[in-house]
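This report concerns only the one structure given below.
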Amino acid sequence: MMESALTARDRVGVQDFVLLENYTSEAAFIENLRKRFKENLIYTYIGSVLVSVNPYKDLEIYSKQHMERYRGVNFYEVSPHLYAVADNSYRALRTERRDQCILISGESGAGKTEASKKILQYYAVTCPVSERVETIKDRLLQSNPVLEAFGNAKTLRNDNSSRFGKYMDVQFDYKGAPVGGHILNYLLEKSRVVHQNHGERNFHIFYQLLEGGDDDLLRRLGLDRNAQQYQYLIKGQCAKVSSINDKNDWKMVRKALSVIDFSDNEVEELLNIVASVLHLGNIQFVSDEQGNSQLATETQIKYLARLLGVDGASLREALTHKKIIAKGEELISPLNLDQAAYARDALSKAVYGRTFTWLVNKINESLALQENGLGIKKSTTVIGLLDIYGFEVFQHNSFEQFCINYCNEKLQQLFIELTLKSEQEEYESEGIAWEPVTYFNNKIICDLVEEKHKGIISVLDEECLRPGDATDLTFLEKLEETIKNHPHFLTHKLADQKTRKTMSREDFRLLHYAGEVNYNVNGFLDKNNDLLFRNLKETVSESENTILNECFSKSELTDKKRPETAATQFKNSLAKLMEILMSKEPSYIRCIKPNDAKQAGRFDEVLIRHQVKYLGLMENLRVRRAGFAYRRKYEIFLQRYKSLCPATWPNWNGRLADGVSTLVKHLGYKPEEYKMGRSKIFIRFPKTLFATEDALEVRKQSIATKIQAVWRGYHQHQKFLTMKRSAIGVQSWWRGVLGRRKAARRKWAADTIRRFIKGFIYRQAPRCPENEYFVDYVRYSFLMKLKRSLPKNVLDKSWPTPPPALEEASELLRRMCMQNMVRTYCKKISPDWKQQLEQKVVASEIFKDKKDNYPQSVPKLFASSRLNNEDISAKVLQVLGNEKIKYAVPVTKYDRNGYKARNRQLLLTQNIAFIVEEGKIKQRIEYSNLKGVSVSSLSDGIFVIHVNCEDNKQKGDVVLQSDHLIETLTKIALCADKVNNININQGSITFTVGQGKEGVIDFSPGSELIISKAKNGHLSVVAPRLNSR
């Protein structure tokens, strides 16, 4: 609460300037600001007015948690903050259904734009939401980057200075949700388009486009990325600024344009206009022999004509000539160099200024409140946000500063009137006599500027409209004649000798409420006329660019009425703004810039004193303190201070007013120190409140000690009783739980035993109620046992013995298990392994239980080949050609006559078996001629290949020996598809030696392998027996 911070006032000052004891001292006011600024407390109240000091650094006070802290809370219950003002206006809007406005003022760089953005963000986060509301919220927030890009610029005082005034209405429906918005803009500083002071920049959008636009876009617009190429961007000589990231800002602007519902075509036309202004600035003129202006080059005109959507010849003519209509006749007059440069700059300012107005209108269309289904607009209330330029005093002050300071005079007049009015209304509603307050009424200065026929604006308009050679100096002379006796007006001619040293002959001085300002009259007439030659208007009005076509209406050309001057337009729009603000309940935020260097933590007392003066803060404080410094509702006051009086402590049961009266009498308040209203107490002097607050701090100590003692005793006693009751309850409950558990367990055990015994008796009977438990248990036990002892692989044939009731099911499960293991095993087999198994199966079919050395071959893997390509002669491979060798093995061949052993190679292809000796193919055996293969049952490696001798190419059967007999014969059987033609003989093998001749091989068992020719002419093979069949 605000009162709770009063005790820390020595360190951080007071949160409300109204509570300053020495409220008339400007030094005390600034010292309070300084204390709070050093502690990063940038917000302070003057009653309901918020004073904000720009910290020039990020403070962690704008998070969603901070927003929730201020949401729906009484204005003085939390420390001063922007959000408190925003929430107070919002709650007043909801409860009273009355339009509100928040007026944000201060000089450039004081943080006005940031303050308005923070307020919009607060409403976006804290207000009720819906799909339509979310869209409006996004558009309200995204309108800021667009308006800042086109309406803000870097100045000497601020890197993001608003060069236009902005008033935004946010519309809320009956639920309190933002449903629409509307923006009014005032006095865009168009002269910045063509000229900037040293150290300043043009509007941000130009630099953002050059830095952030992609190469293709810049090529279409005819632009170069270097800002130094454009005359309108180099006047201030600071195109690059370290604190500004134009590239990132461009991305934000492009995103914002799409959120605000700009079409691609509108964005393209808008950027064409921006680019055209840069090209206009680069147009140069030269003088011909007659002194008339001509274009120096045609390059820029081509770009301009395309970007503006106008005829190039017409544009060239309009820039070097002017059209005059006199007595119904049109006269074309050539322009000299100065006039042509003026026409070019006037066109640039007009194009940019009117486009900015179109941009604001376009944003307003996207924010417009939607009608309901009946075509009737919903009832809404609004909160207005006024973010407008503050009082400006530069070394050189011109027409723009004159208008800005006139605007501030009007706002100060409104501020004083509304402040006094609201103060007076509160006193009247509470029944307290209002004491008139004397204050400086700046109506005299407002009249000096705006009075009809006598005011400065009237004299300026008259000078602009009169025939003859009117100049800025004749305007100054006219002012000296008309208002020379006004106490707030002075010129060099009217001043005394001492004052003349501070003024030039072209200056006039106005004594504003904020101080004296010298205005230089140079440019006043041109800026007030804001003239654009007729033929330039005609050319642009024919534009194919829809934005320009809308901005430069053809009806403007036929209108005989002279357009209002810039000053008159501004005066009228300002009058309408005052009407808008007067119709709403105002809240105020006064922004202060702590230093000109934009440094965090630096407090420039001279600069701040100047701002305090021109913002009228001391006057505001004096008005607030002219009555009573502190006021609170009876209920709040009594609740806070009731402990200071025995009669009101701890509770007061009577009327609140009587309770407060009893309390202040006990505290010794003197009659002149306070007044009792209908619902509030008013305390005149802060020292009275501080004395009460100090007494409360002392009282708090004794109350706290007593409350602690009573509470500790009560708390411990209650804690003991609670523990005792809990212990008894827990004991009782636990005994019951244990007893119930025991009884339930015994009952369950008895039932289980009974059912088990009965089931065992009827175990042989079909399933019935008497044995179903037992049968189910037996089945369950078997299945659990089966789960633990399932076979591990396909070779494991173990299986638990099932009970009679599950024999059939057990057999089905066993088959399923085996099938599953087989399927799983098969899925894991690789293609190579599969081929290996297939060959092993064939070998098993041929040799199992028939050949002695078969068992020794089972664990040995068959090789795909026993010879590499390097082992086979290249000549043989060449002869084979495309015949792919499927298997090759070294063998020993025994001659048919004499049985001499010779080393050979056996090669198996797709269709033929080859017997090879080194580089020669000794024999080709086509599988179709292969009758069979004979082998003994012993462990020898001898085998005979029987061939068809009717084929003259074959000399007879072939006797071979292989160290890999089982593998070799399996490969021959598979390649020749002769699995059933492998014969295993016992005793002897007869084979064909040639035509009609036969040979015999005798096999006999022995201790070792011996192959020799017997005396009977047979081939004798003695082989050990490895296995008894």
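We label chains A, B, ... in the order they appear in the structure tokens, count residues from 1 in each chain, and number ligands from 1 in the order shown.
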
Extract, using only C-alpha atoms, all DNA, RNA and protein residues at most 12 Å from Cys238 in chain A, discarding same-chain residues fewer than 6 positions from it, and format them as an NGL selection string. :A and (153-156 or 159 or 196-202 or 207 or 227-228 or 232 or 244)

Mind writing the picked residues with C-alpha atoms as a short mmCIF file (atom, residue, chain, number, x, y, z; two decimals), in the first residue's frame?
```cif
data_model
loop_
_atom_site.label_atom_id
_atom_site.label_comp_id
_atom_site.auth_asym_id
_atom_site.auth_seq_id
_atom_site.Cartn_x
_atom_site.Cartn_y
_atom_site.Cartn_z
CA ALA A 153 12.98 10.25 -36.80
CA LYS A 154 16.30 10.63 -35.01
CA THR A 155 16.74 14.13 -33.61
CA LEU A 156 19.49 15.63 -31.49
CA ASP A 159 16.78 8.58 -31.49
CA GLN A 196 17.39 17.89 -41.53
CA ASN A 197 19.57 19.75 -39.07
CA HIS A 198 23.13 18.53 -38.50
CA GLY A 199 23.12 15.32 -36.43
CA GLU A 200 19.50 14.46 -37.31
CA ARG A 201 17.95 12.00 -39.78
CA ASN A 202 14.99 11.85 -42.11
CA TYR A 207 16.77 4.02 -43.94
CA ALA A 227 22.07 6.14 -48.12
CA GLN A 228 24.84 8.59 -49.07
CA TYR A 232 17.30 13.97 -48.82
CA ILE A 244 19.24 1.97 -34.31
#
```

Write out as number ranges by chain each polymer residue whose atoms come within 7 Å of Tyr927 in chain A, counting only C-alpha atoms; drop sequence neighbours fewer than 2 positions from it. A: 911-912, 925, 929-930, 976

What's around Ser934 in chain A at 10 Å? Count only C-alpha atoms, leave out sequence neighbours fewer than 2 positions away in its own chain, and write the answer as a PyMOL selection string. chain A and resi 932+936-937+942-946+959+969+981-985+988-991

Nearby residues (only C-alpha atoms) at most 10 Å from Val193 in chain A, same-chain spacing under 3 positions excluded, as a VMD selection string: chain A and resid 189 to 190 196 201 to 203 206 232 to 233 277 to 278 281 345 to 346 348 to 350 352 to 353

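Distance annotation: of A:Lys758, A:His610, A:Lys484, A:Arg71, the residue with the minimal separation from Glu516 in chain A is A:His610; atom set is only C-alpha atoms.
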
Can you list, as a VMD selection string, every protein, DNA or RNA residue that comes within 10 Å of range 122-130 of chain A when you count only C-alpha atoms, leaving out same-chain residues fewer than 3 positions away? chain A and resid 62 to 64 66 to 68 70 to 72 82 to 83 86 to 87 90 116 to 119 133 to 138 140 to 141 170 172 175 to 179

Those same residues, written as a compact mmCIF listing (two decimals), in the first residue's frame with N, CA, C and O atoms?
```txt
# COMPACT_ATOMS: atom_id res chain seq x y z
N TYR A 62 7.84 -4.34 -16.05
CA TYR A 62 6.77 -4.36 -17.05
C TYR A 62 6.38 -5.79 -17.44
O TYR A 62 5.82 -6.01 -18.50
N SER A 63 6.67 -6.74 -16.57
CA SER A 63 6.35 -8.13 -16.87
C SER A 63 4.86 -8.40 -16.68
O SER A 63 4.11 -7.57 -16.14
N LYS A 64 4.43 -9.59 -17.08
CA LYS A 64 3.04 -9.98 -16.91
C LYS A 64 2.68 -10.04 -15.43
O LYS A 64 1.55 -9.72 -15.04
N HIS A 66 3.86 -8.09 -13.09
CA HIS A 66 3.60 -6.72 -12.65
C HIS A 66 2.22 -6.26 -13.11
O HIS A 66 1.51 -5.56 -12.38
N MET A 67 1.84 -6.65 -14.33
CA MET A 67 0.51 -6.28 -14.83
C MET A 67 -0.58 -6.85 -13.92
O MET A 67 -1.55 -6.15 -13.57
N GLU A 68 -0.42 -8.12 -13.52
CA GLU A 68 -1.42 -8.75 -12.65
C GLU A 68 -1.44 -8.09 -11.29
O GLU A 68 -2.49 -8.02 -10.65
N TYR A 70 -1.13 -4.97 -10.63
CA TYR A 70 -1.87 -3.70 -10.67
C TYR A 70 -3.31 -3.88 -11.16
O TYR A 70 -4.10 -2.95 -11.11
N ARG A 71 -3.63 -5.06 -11.62
CA ARG A 71 -4.95 -5.30 -12.21
C ARG A 71 -6.03 -5.31 -11.13
O ARG A 71 -5.99 -6.09 -10.19
N GLY A 72 -6.99 -4.38 -11.26
CA GLY A 72 -8.14 -4.36 -10.36
C GLY A 72 -7.83 -3.91 -8.95
O GLY A 72 -8.61 -4.14 -8.02
N LEU A 82 2.84 3.30 -14.23
CA LEU A 82 2.05 3.52 -15.45
C LEU A 82 0.80 2.64 -15.44
O LEU A 82 -0.29 3.06 -15.85
N TYR A 83 0.98 1.37 -15.01
CA TYR A 83 -0.13 0.41 -15.01
C TYR A 83 -1.25 0.83 -14.05
O TYR A 83 -2.41 0.52 -14.28
N ALA A 86 -3.30 3.27 -15.98
CA ALA A 86 -4.05 2.56 -17.01
C ALA A 86 -5.21 1.78 -16.40
O ALA A 86 -6.34 1.80 -16.91
N ASP A 87 -4.95 1.09 -15.29
CA ASP A 87 -6.00 0.27 -14.66
C ASP A 87 -7.07 1.14 -14.04
O ASP A 87 -8.26 0.81 -14.08
N TYR A 90 -9.32 2.25 -16.77
CA TYR A 90 -10.11 1.10 -17.26
C TYR A 90 -11.25 0.77 -16.30
O TYR A 90 -12.38 0.52 -16.73
N SER A 116 2.98 5.21 -24.03
CA SER A 116 1.73 4.85 -24.72
C SER A 116 1.77 3.39 -25.15
O SER A 116 0.75 2.68 -25.07
N LYS A 117 2.95 2.88 -25.56
CA LYS A 117 3.07 1.47 -25.96
C LYS A 117 2.86 0.55 -24.76
O LYS A 117 2.20 -0.49 -24.87
N LYS A 118 3.42 0.94 -23.60
CA LYS A 118 3.26 0.11 -22.39
C LYS A 118 1.79 0.05 -21.97
O LYS A 118 1.31 -1.00 -21.52
N ILE A 119 1.07 1.15 -22.13
CA ILE A 119 -0.34 1.17 -21.75
C ILE A 119 -1.14 0.25 -22.68
O ILE A 119 -1.99 -0.53 -22.24
N VAL A 133 -11.22 -10.10 -30.66
CA VAL A 133 -10.48 -9.21 -29.77
C VAL A 133 -8.98 -9.39 -29.95
O VAL A 133 -8.22 -8.43 -29.97
N GLU A 134 -8.54 -10.65 -30.12
CA GLU A 134 -7.11 -10.91 -30.34
C GLU A 134 -6.62 -10.21 -31.59
O GLU A 134 -5.53 -9.65 -31.63
N THR A 135 -7.44 -10.25 -32.65
CA THR A 135 -7.07 -9.57 -33.90
C THR A 135 -6.91 -8.08 -33.68
O THR A 135 -5.93 -7.47 -34.12
N ILE A 136 -7.88 -7.48 -32.97
CA ILE A 136 -7.82 -6.03 -32.70
C ILE A 136 -6.62 -5.70 -31.84
O ILE A 136 -5.91 -4.71 -32.07
N LYS A 137 -6.37 -6.53 -30.81
CA LYS A 137 -5.20 -6.30 -29.95
C LYS A 137 -3.92 -6.28 -30.78
O LYS A 137 -3.08 -5.39 -30.63
N ASP A 138 -3.79 -7.29 -31.64
CA ASP A 138 -2.59 -7.37 -32.48
C ASP A 138 -2.46 -6.14 -33.35
O ASP A 138 -1.36 -5.58 -33.51
N LEU A 140 -3.78 -3.12 -32.86
CA LEU A 140 -3.48 -1.95 -32.04
C LEU A 140 -1.99 -1.88 -31.73
O LEU A 140 -1.36 -0.83 -31.84
N LEU A 141 -1.42 -3.03 -31.34
CA LEU A 141 0.00 -3.06 -30.99
C LEU A 141 0.89 -2.89 -32.22
O LEU A 141 1.92 -2.22 -32.16
N VAL A 170 -9.15 3.82 -28.00
CA VAL A 170 -9.33 2.37 -27.93
C VAL A 170 -10.77 2.11 -27.48
O VAL A 170 -11.17 2.57 -26.41
N PHE A 172 -13.96 -0.12 -26.23
CA PHE A 172 -14.23 -1.32 -25.42
C PHE A 172 -15.73 -1.63 -25.46
O PHE A 172 -16.56 -0.71 -25.42
N LYS A 175 -18.33 -5.86 -22.22
CA LYS A 175 -17.58 -6.84 -21.41
C LYS A 175 -16.22 -6.29 -20.99
O LYS A 175 -15.51 -6.93 -20.22
N GLY A 176 -15.84 -5.13 -21.52
CA GLY A 176 -14.53 -4.59 -21.21
C GLY A 176 -13.43 -5.05 -22.14
O GLY A 176 -12.25 -4.87 -21.85
N ALA A 177 -13.79 -5.67 -23.26
CA ALA A 177 -12.80 -6.15 -24.22
C ALA A 177 -12.57 -5.10 -25.30
O ALA A 177 -13.52 -4.46 -25.76
N PRO A 178 -11.30 -4.88 -25.72
CA PRO A 178 -11.04 -3.92 -26.80
C PRO A 178 -11.57 -4.46 -28.13
O PRO A 178 -11.19 -5.54 -28.56
N VAL A 179 -12.45 -3.71 -28.77
CA VAL A 179 -13.09 -4.19 -30.01
C VAL A 179 -12.83 -3.28 -31.21
O VAL A 179 -13.29 -3.57 -32.31
```

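Using only C-alpha atoms, the protein and nucleic acid residues lying no more than 7 Å from Arg157 in chain A, apart from those fewer than 5 places from it along its own chain, are Ser108, Gly109 and Asp596 of chain A.
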
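For Leu33 in chain A, the list of residues within 8 Å, based on only C-alpha atoms and with local chain neighbours fewer than 4 positions off taken out, reads Gly13, Phe29, Phe37 and Thr44 of chain A.
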
Using DSSP on the backbone coordinates, identify the residues of range 327-430 of chain A assigned to helix (DSSP H, G or I); present them as JSON, numbers by chain. {"A": [337, 338, 339, 340, 341, 342, 343, 344, 345, 346, 347, 348, 349, 350, 351, 352, 353, 354, 355, 356, 357, 358, 359, 360, 361, 362, 363, 364, 365, 366, 367, 399, 400, 401, 402, 403, 404, 405, 406, 407, 408, 409, 410, 411, 412, 413, 414, 415, 416, 417, 418, 419, 420, 421, 422, 423, 424, 425, 426, 427, 428, 429, 430]}

Export C-alpha atoms of the chosen residues as a CSV table (one decimal), in the first residue's frame?
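Result went into result01.csv, see below:
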```csv
chain,number,residue,atom,x,y,z
A,337,LEU,CA,16.3,27.4,-60.5
A,338,ASP,CA,15.1,28.5,-57.0
A,339,GLN,CA,11.5,28.1,-58.0
A,340,ALA,CA,12.1,24.7,-59.6
A,341,ALA,CA,13.9,23.5,-56.4
A,342,TYR,CA,10.9,24.8,-54.3
A,343,ALA,CA,8.5,22.9,-56.6
A,344,ARG,CA,10.5,19.7,-56.3
A,345,ASP,CA,10.6,19.9,-52.5
A,346,ALA,CA,7.0,21.0,-52.2
A,347,LEU,CA,6.0,17.9,-54.3
A,348,SER,CA,8.1,15.7,-52.0
A,349,LYS,CA,6.5,17.1,-48.9
A,350,ALA,CA,3.0,16.9,-50.3
A,351,VAL,CA,3.4,13.3,-51.5
A,352,TYR,CA,4.9,12.1,-48.2
A,353,GLY,CA,2.5,14.1,-46.0
A,354,ARG,CA,-0.7,13.0,-47.8
A,355,THR,CA,0.6,9.4,-47.9
A,356,PHE,CA,1.1,9.5,-44.1
A,357,THR,CA,-2.5,10.7,-43.7
A,358,TRP,CA,-3.7,7.8,-46.0
A,359,LEU,CA,-1.6,5.4,-43.9
A,360,VAL,CA,-3.4,6.5,-40.7
A,361,ASN,CA,-6.8,6.2,-42.4
A,362,LYS,CA,-5.9,2.7,-43.6
A,363,ILE,CA,-4.9,1.7,-40.1
A,364,ASN,CA,-8.2,3.2,-38.9
A,365,GLU,CA,-10.1,1.0,-41.4
A,366,SER,CA,-8.4,-2.2,-40.0
A,367,LEU,CA,-9.2,-1.1,-36.4
A,399,PHE,CA,7.0,27.5,-37.6
A,400,GLU,CA,6.9,23.9,-36.3
A,401,GLN,CA,8.0,24.9,-32.8
A,402,PHE,CA,5.5,27.8,-32.9
A,403,CYS,CA,2.7,25.3,-33.6
A,404,ILE,CA,4.0,22.7,-31.1
A,405,ASN,CA,4.3,25.3,-28.3
A,406,TYR,CA,0.8,26.7,-29.1
A,407,CYS,CA,-0.5,23.2,-28.7
A,408,ASN,CA,1.2,22.9,-25.3
A,409,GLU,CA,-0.3,26.2,-24.2
A,410,LYS,CA,-3.8,24.8,-25.1
A,411,LEU,CA,-3.1,21.5,-23.2
A,412,GLN,CA,-1.7,23.4,-20.2
A,413,GLN,CA,-4.9,25.5,-20.2
A,414,LEU,CA,-7.0,22.4,-20.3
A,415,PHE,CA,-4.9,20.7,-17.6
A,416,ILE,CA,-5.2,23.5,-15.2
A,417,GLU,CA,-9.0,23.9,-15.9
A,418,LEU,CA,-9.7,20.1,-15.5
A,419,THR,CA,-7.4,19.8,-12.4
A,420,LEU,CA,-9.1,22.7,-10.6
A,421,LYS,CA,-12.5,21.4,-11.8
A,422,SER,CA,-12.0,17.9,-10.5
A,423,GLU,CA,-10.6,19.2,-7.2
A,424,GLN,CA,-13.6,21.5,-6.8
A,425,GLU,CA,-16.0,18.7,-7.7
A,426,GLU,CA,-14.5,16.5,-5.0
A,427,TYR,CA,-14.8,19.2,-2.3
A,428,GLU,CA,-18.4,20.0,-3.3
A,429,SER,CA,-19.4,16.3,-3.3
A,430,GLU,CA,-17.9,15.9,0.2
```

Have a look at A:Met618, A:Val146, A:Ile383, A:Leu93 and name the one nearest to Val267 in chain A; count only C-alpha atoms. A:Val146

Could you pull out all residues of range 112-256 of chain A with a DSSP call of strand (DSSP E) and give them as a PyMOL selection string? chain A and resi 152-153+161-162+165-172+178-186

Nearest to Leu280 in chain A: which of A:Met503, A:Val194, A:Ser263, A:Thr491 is it, counting only C-alpha atoms? A:Val194

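From CA of Asp507 in chain A back to CA of Tyr186 in chain A, the distance works out to 25.5 Å.
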
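Counting only C-alpha atoms and comparing A:Thr568, A:Ser789, A:Ser333, A:Thr482, the residue that lies closest to Arg534 in chain A is A:Ser333.
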
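What separates CA of Phe508 in chain A from CA of Ser161 in chain A is a distance of 26.5 Å.
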
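The interatomic distance for the pair CA of His81 in chain A and CA of Arg632 in chain A works out to 19.7 Å.
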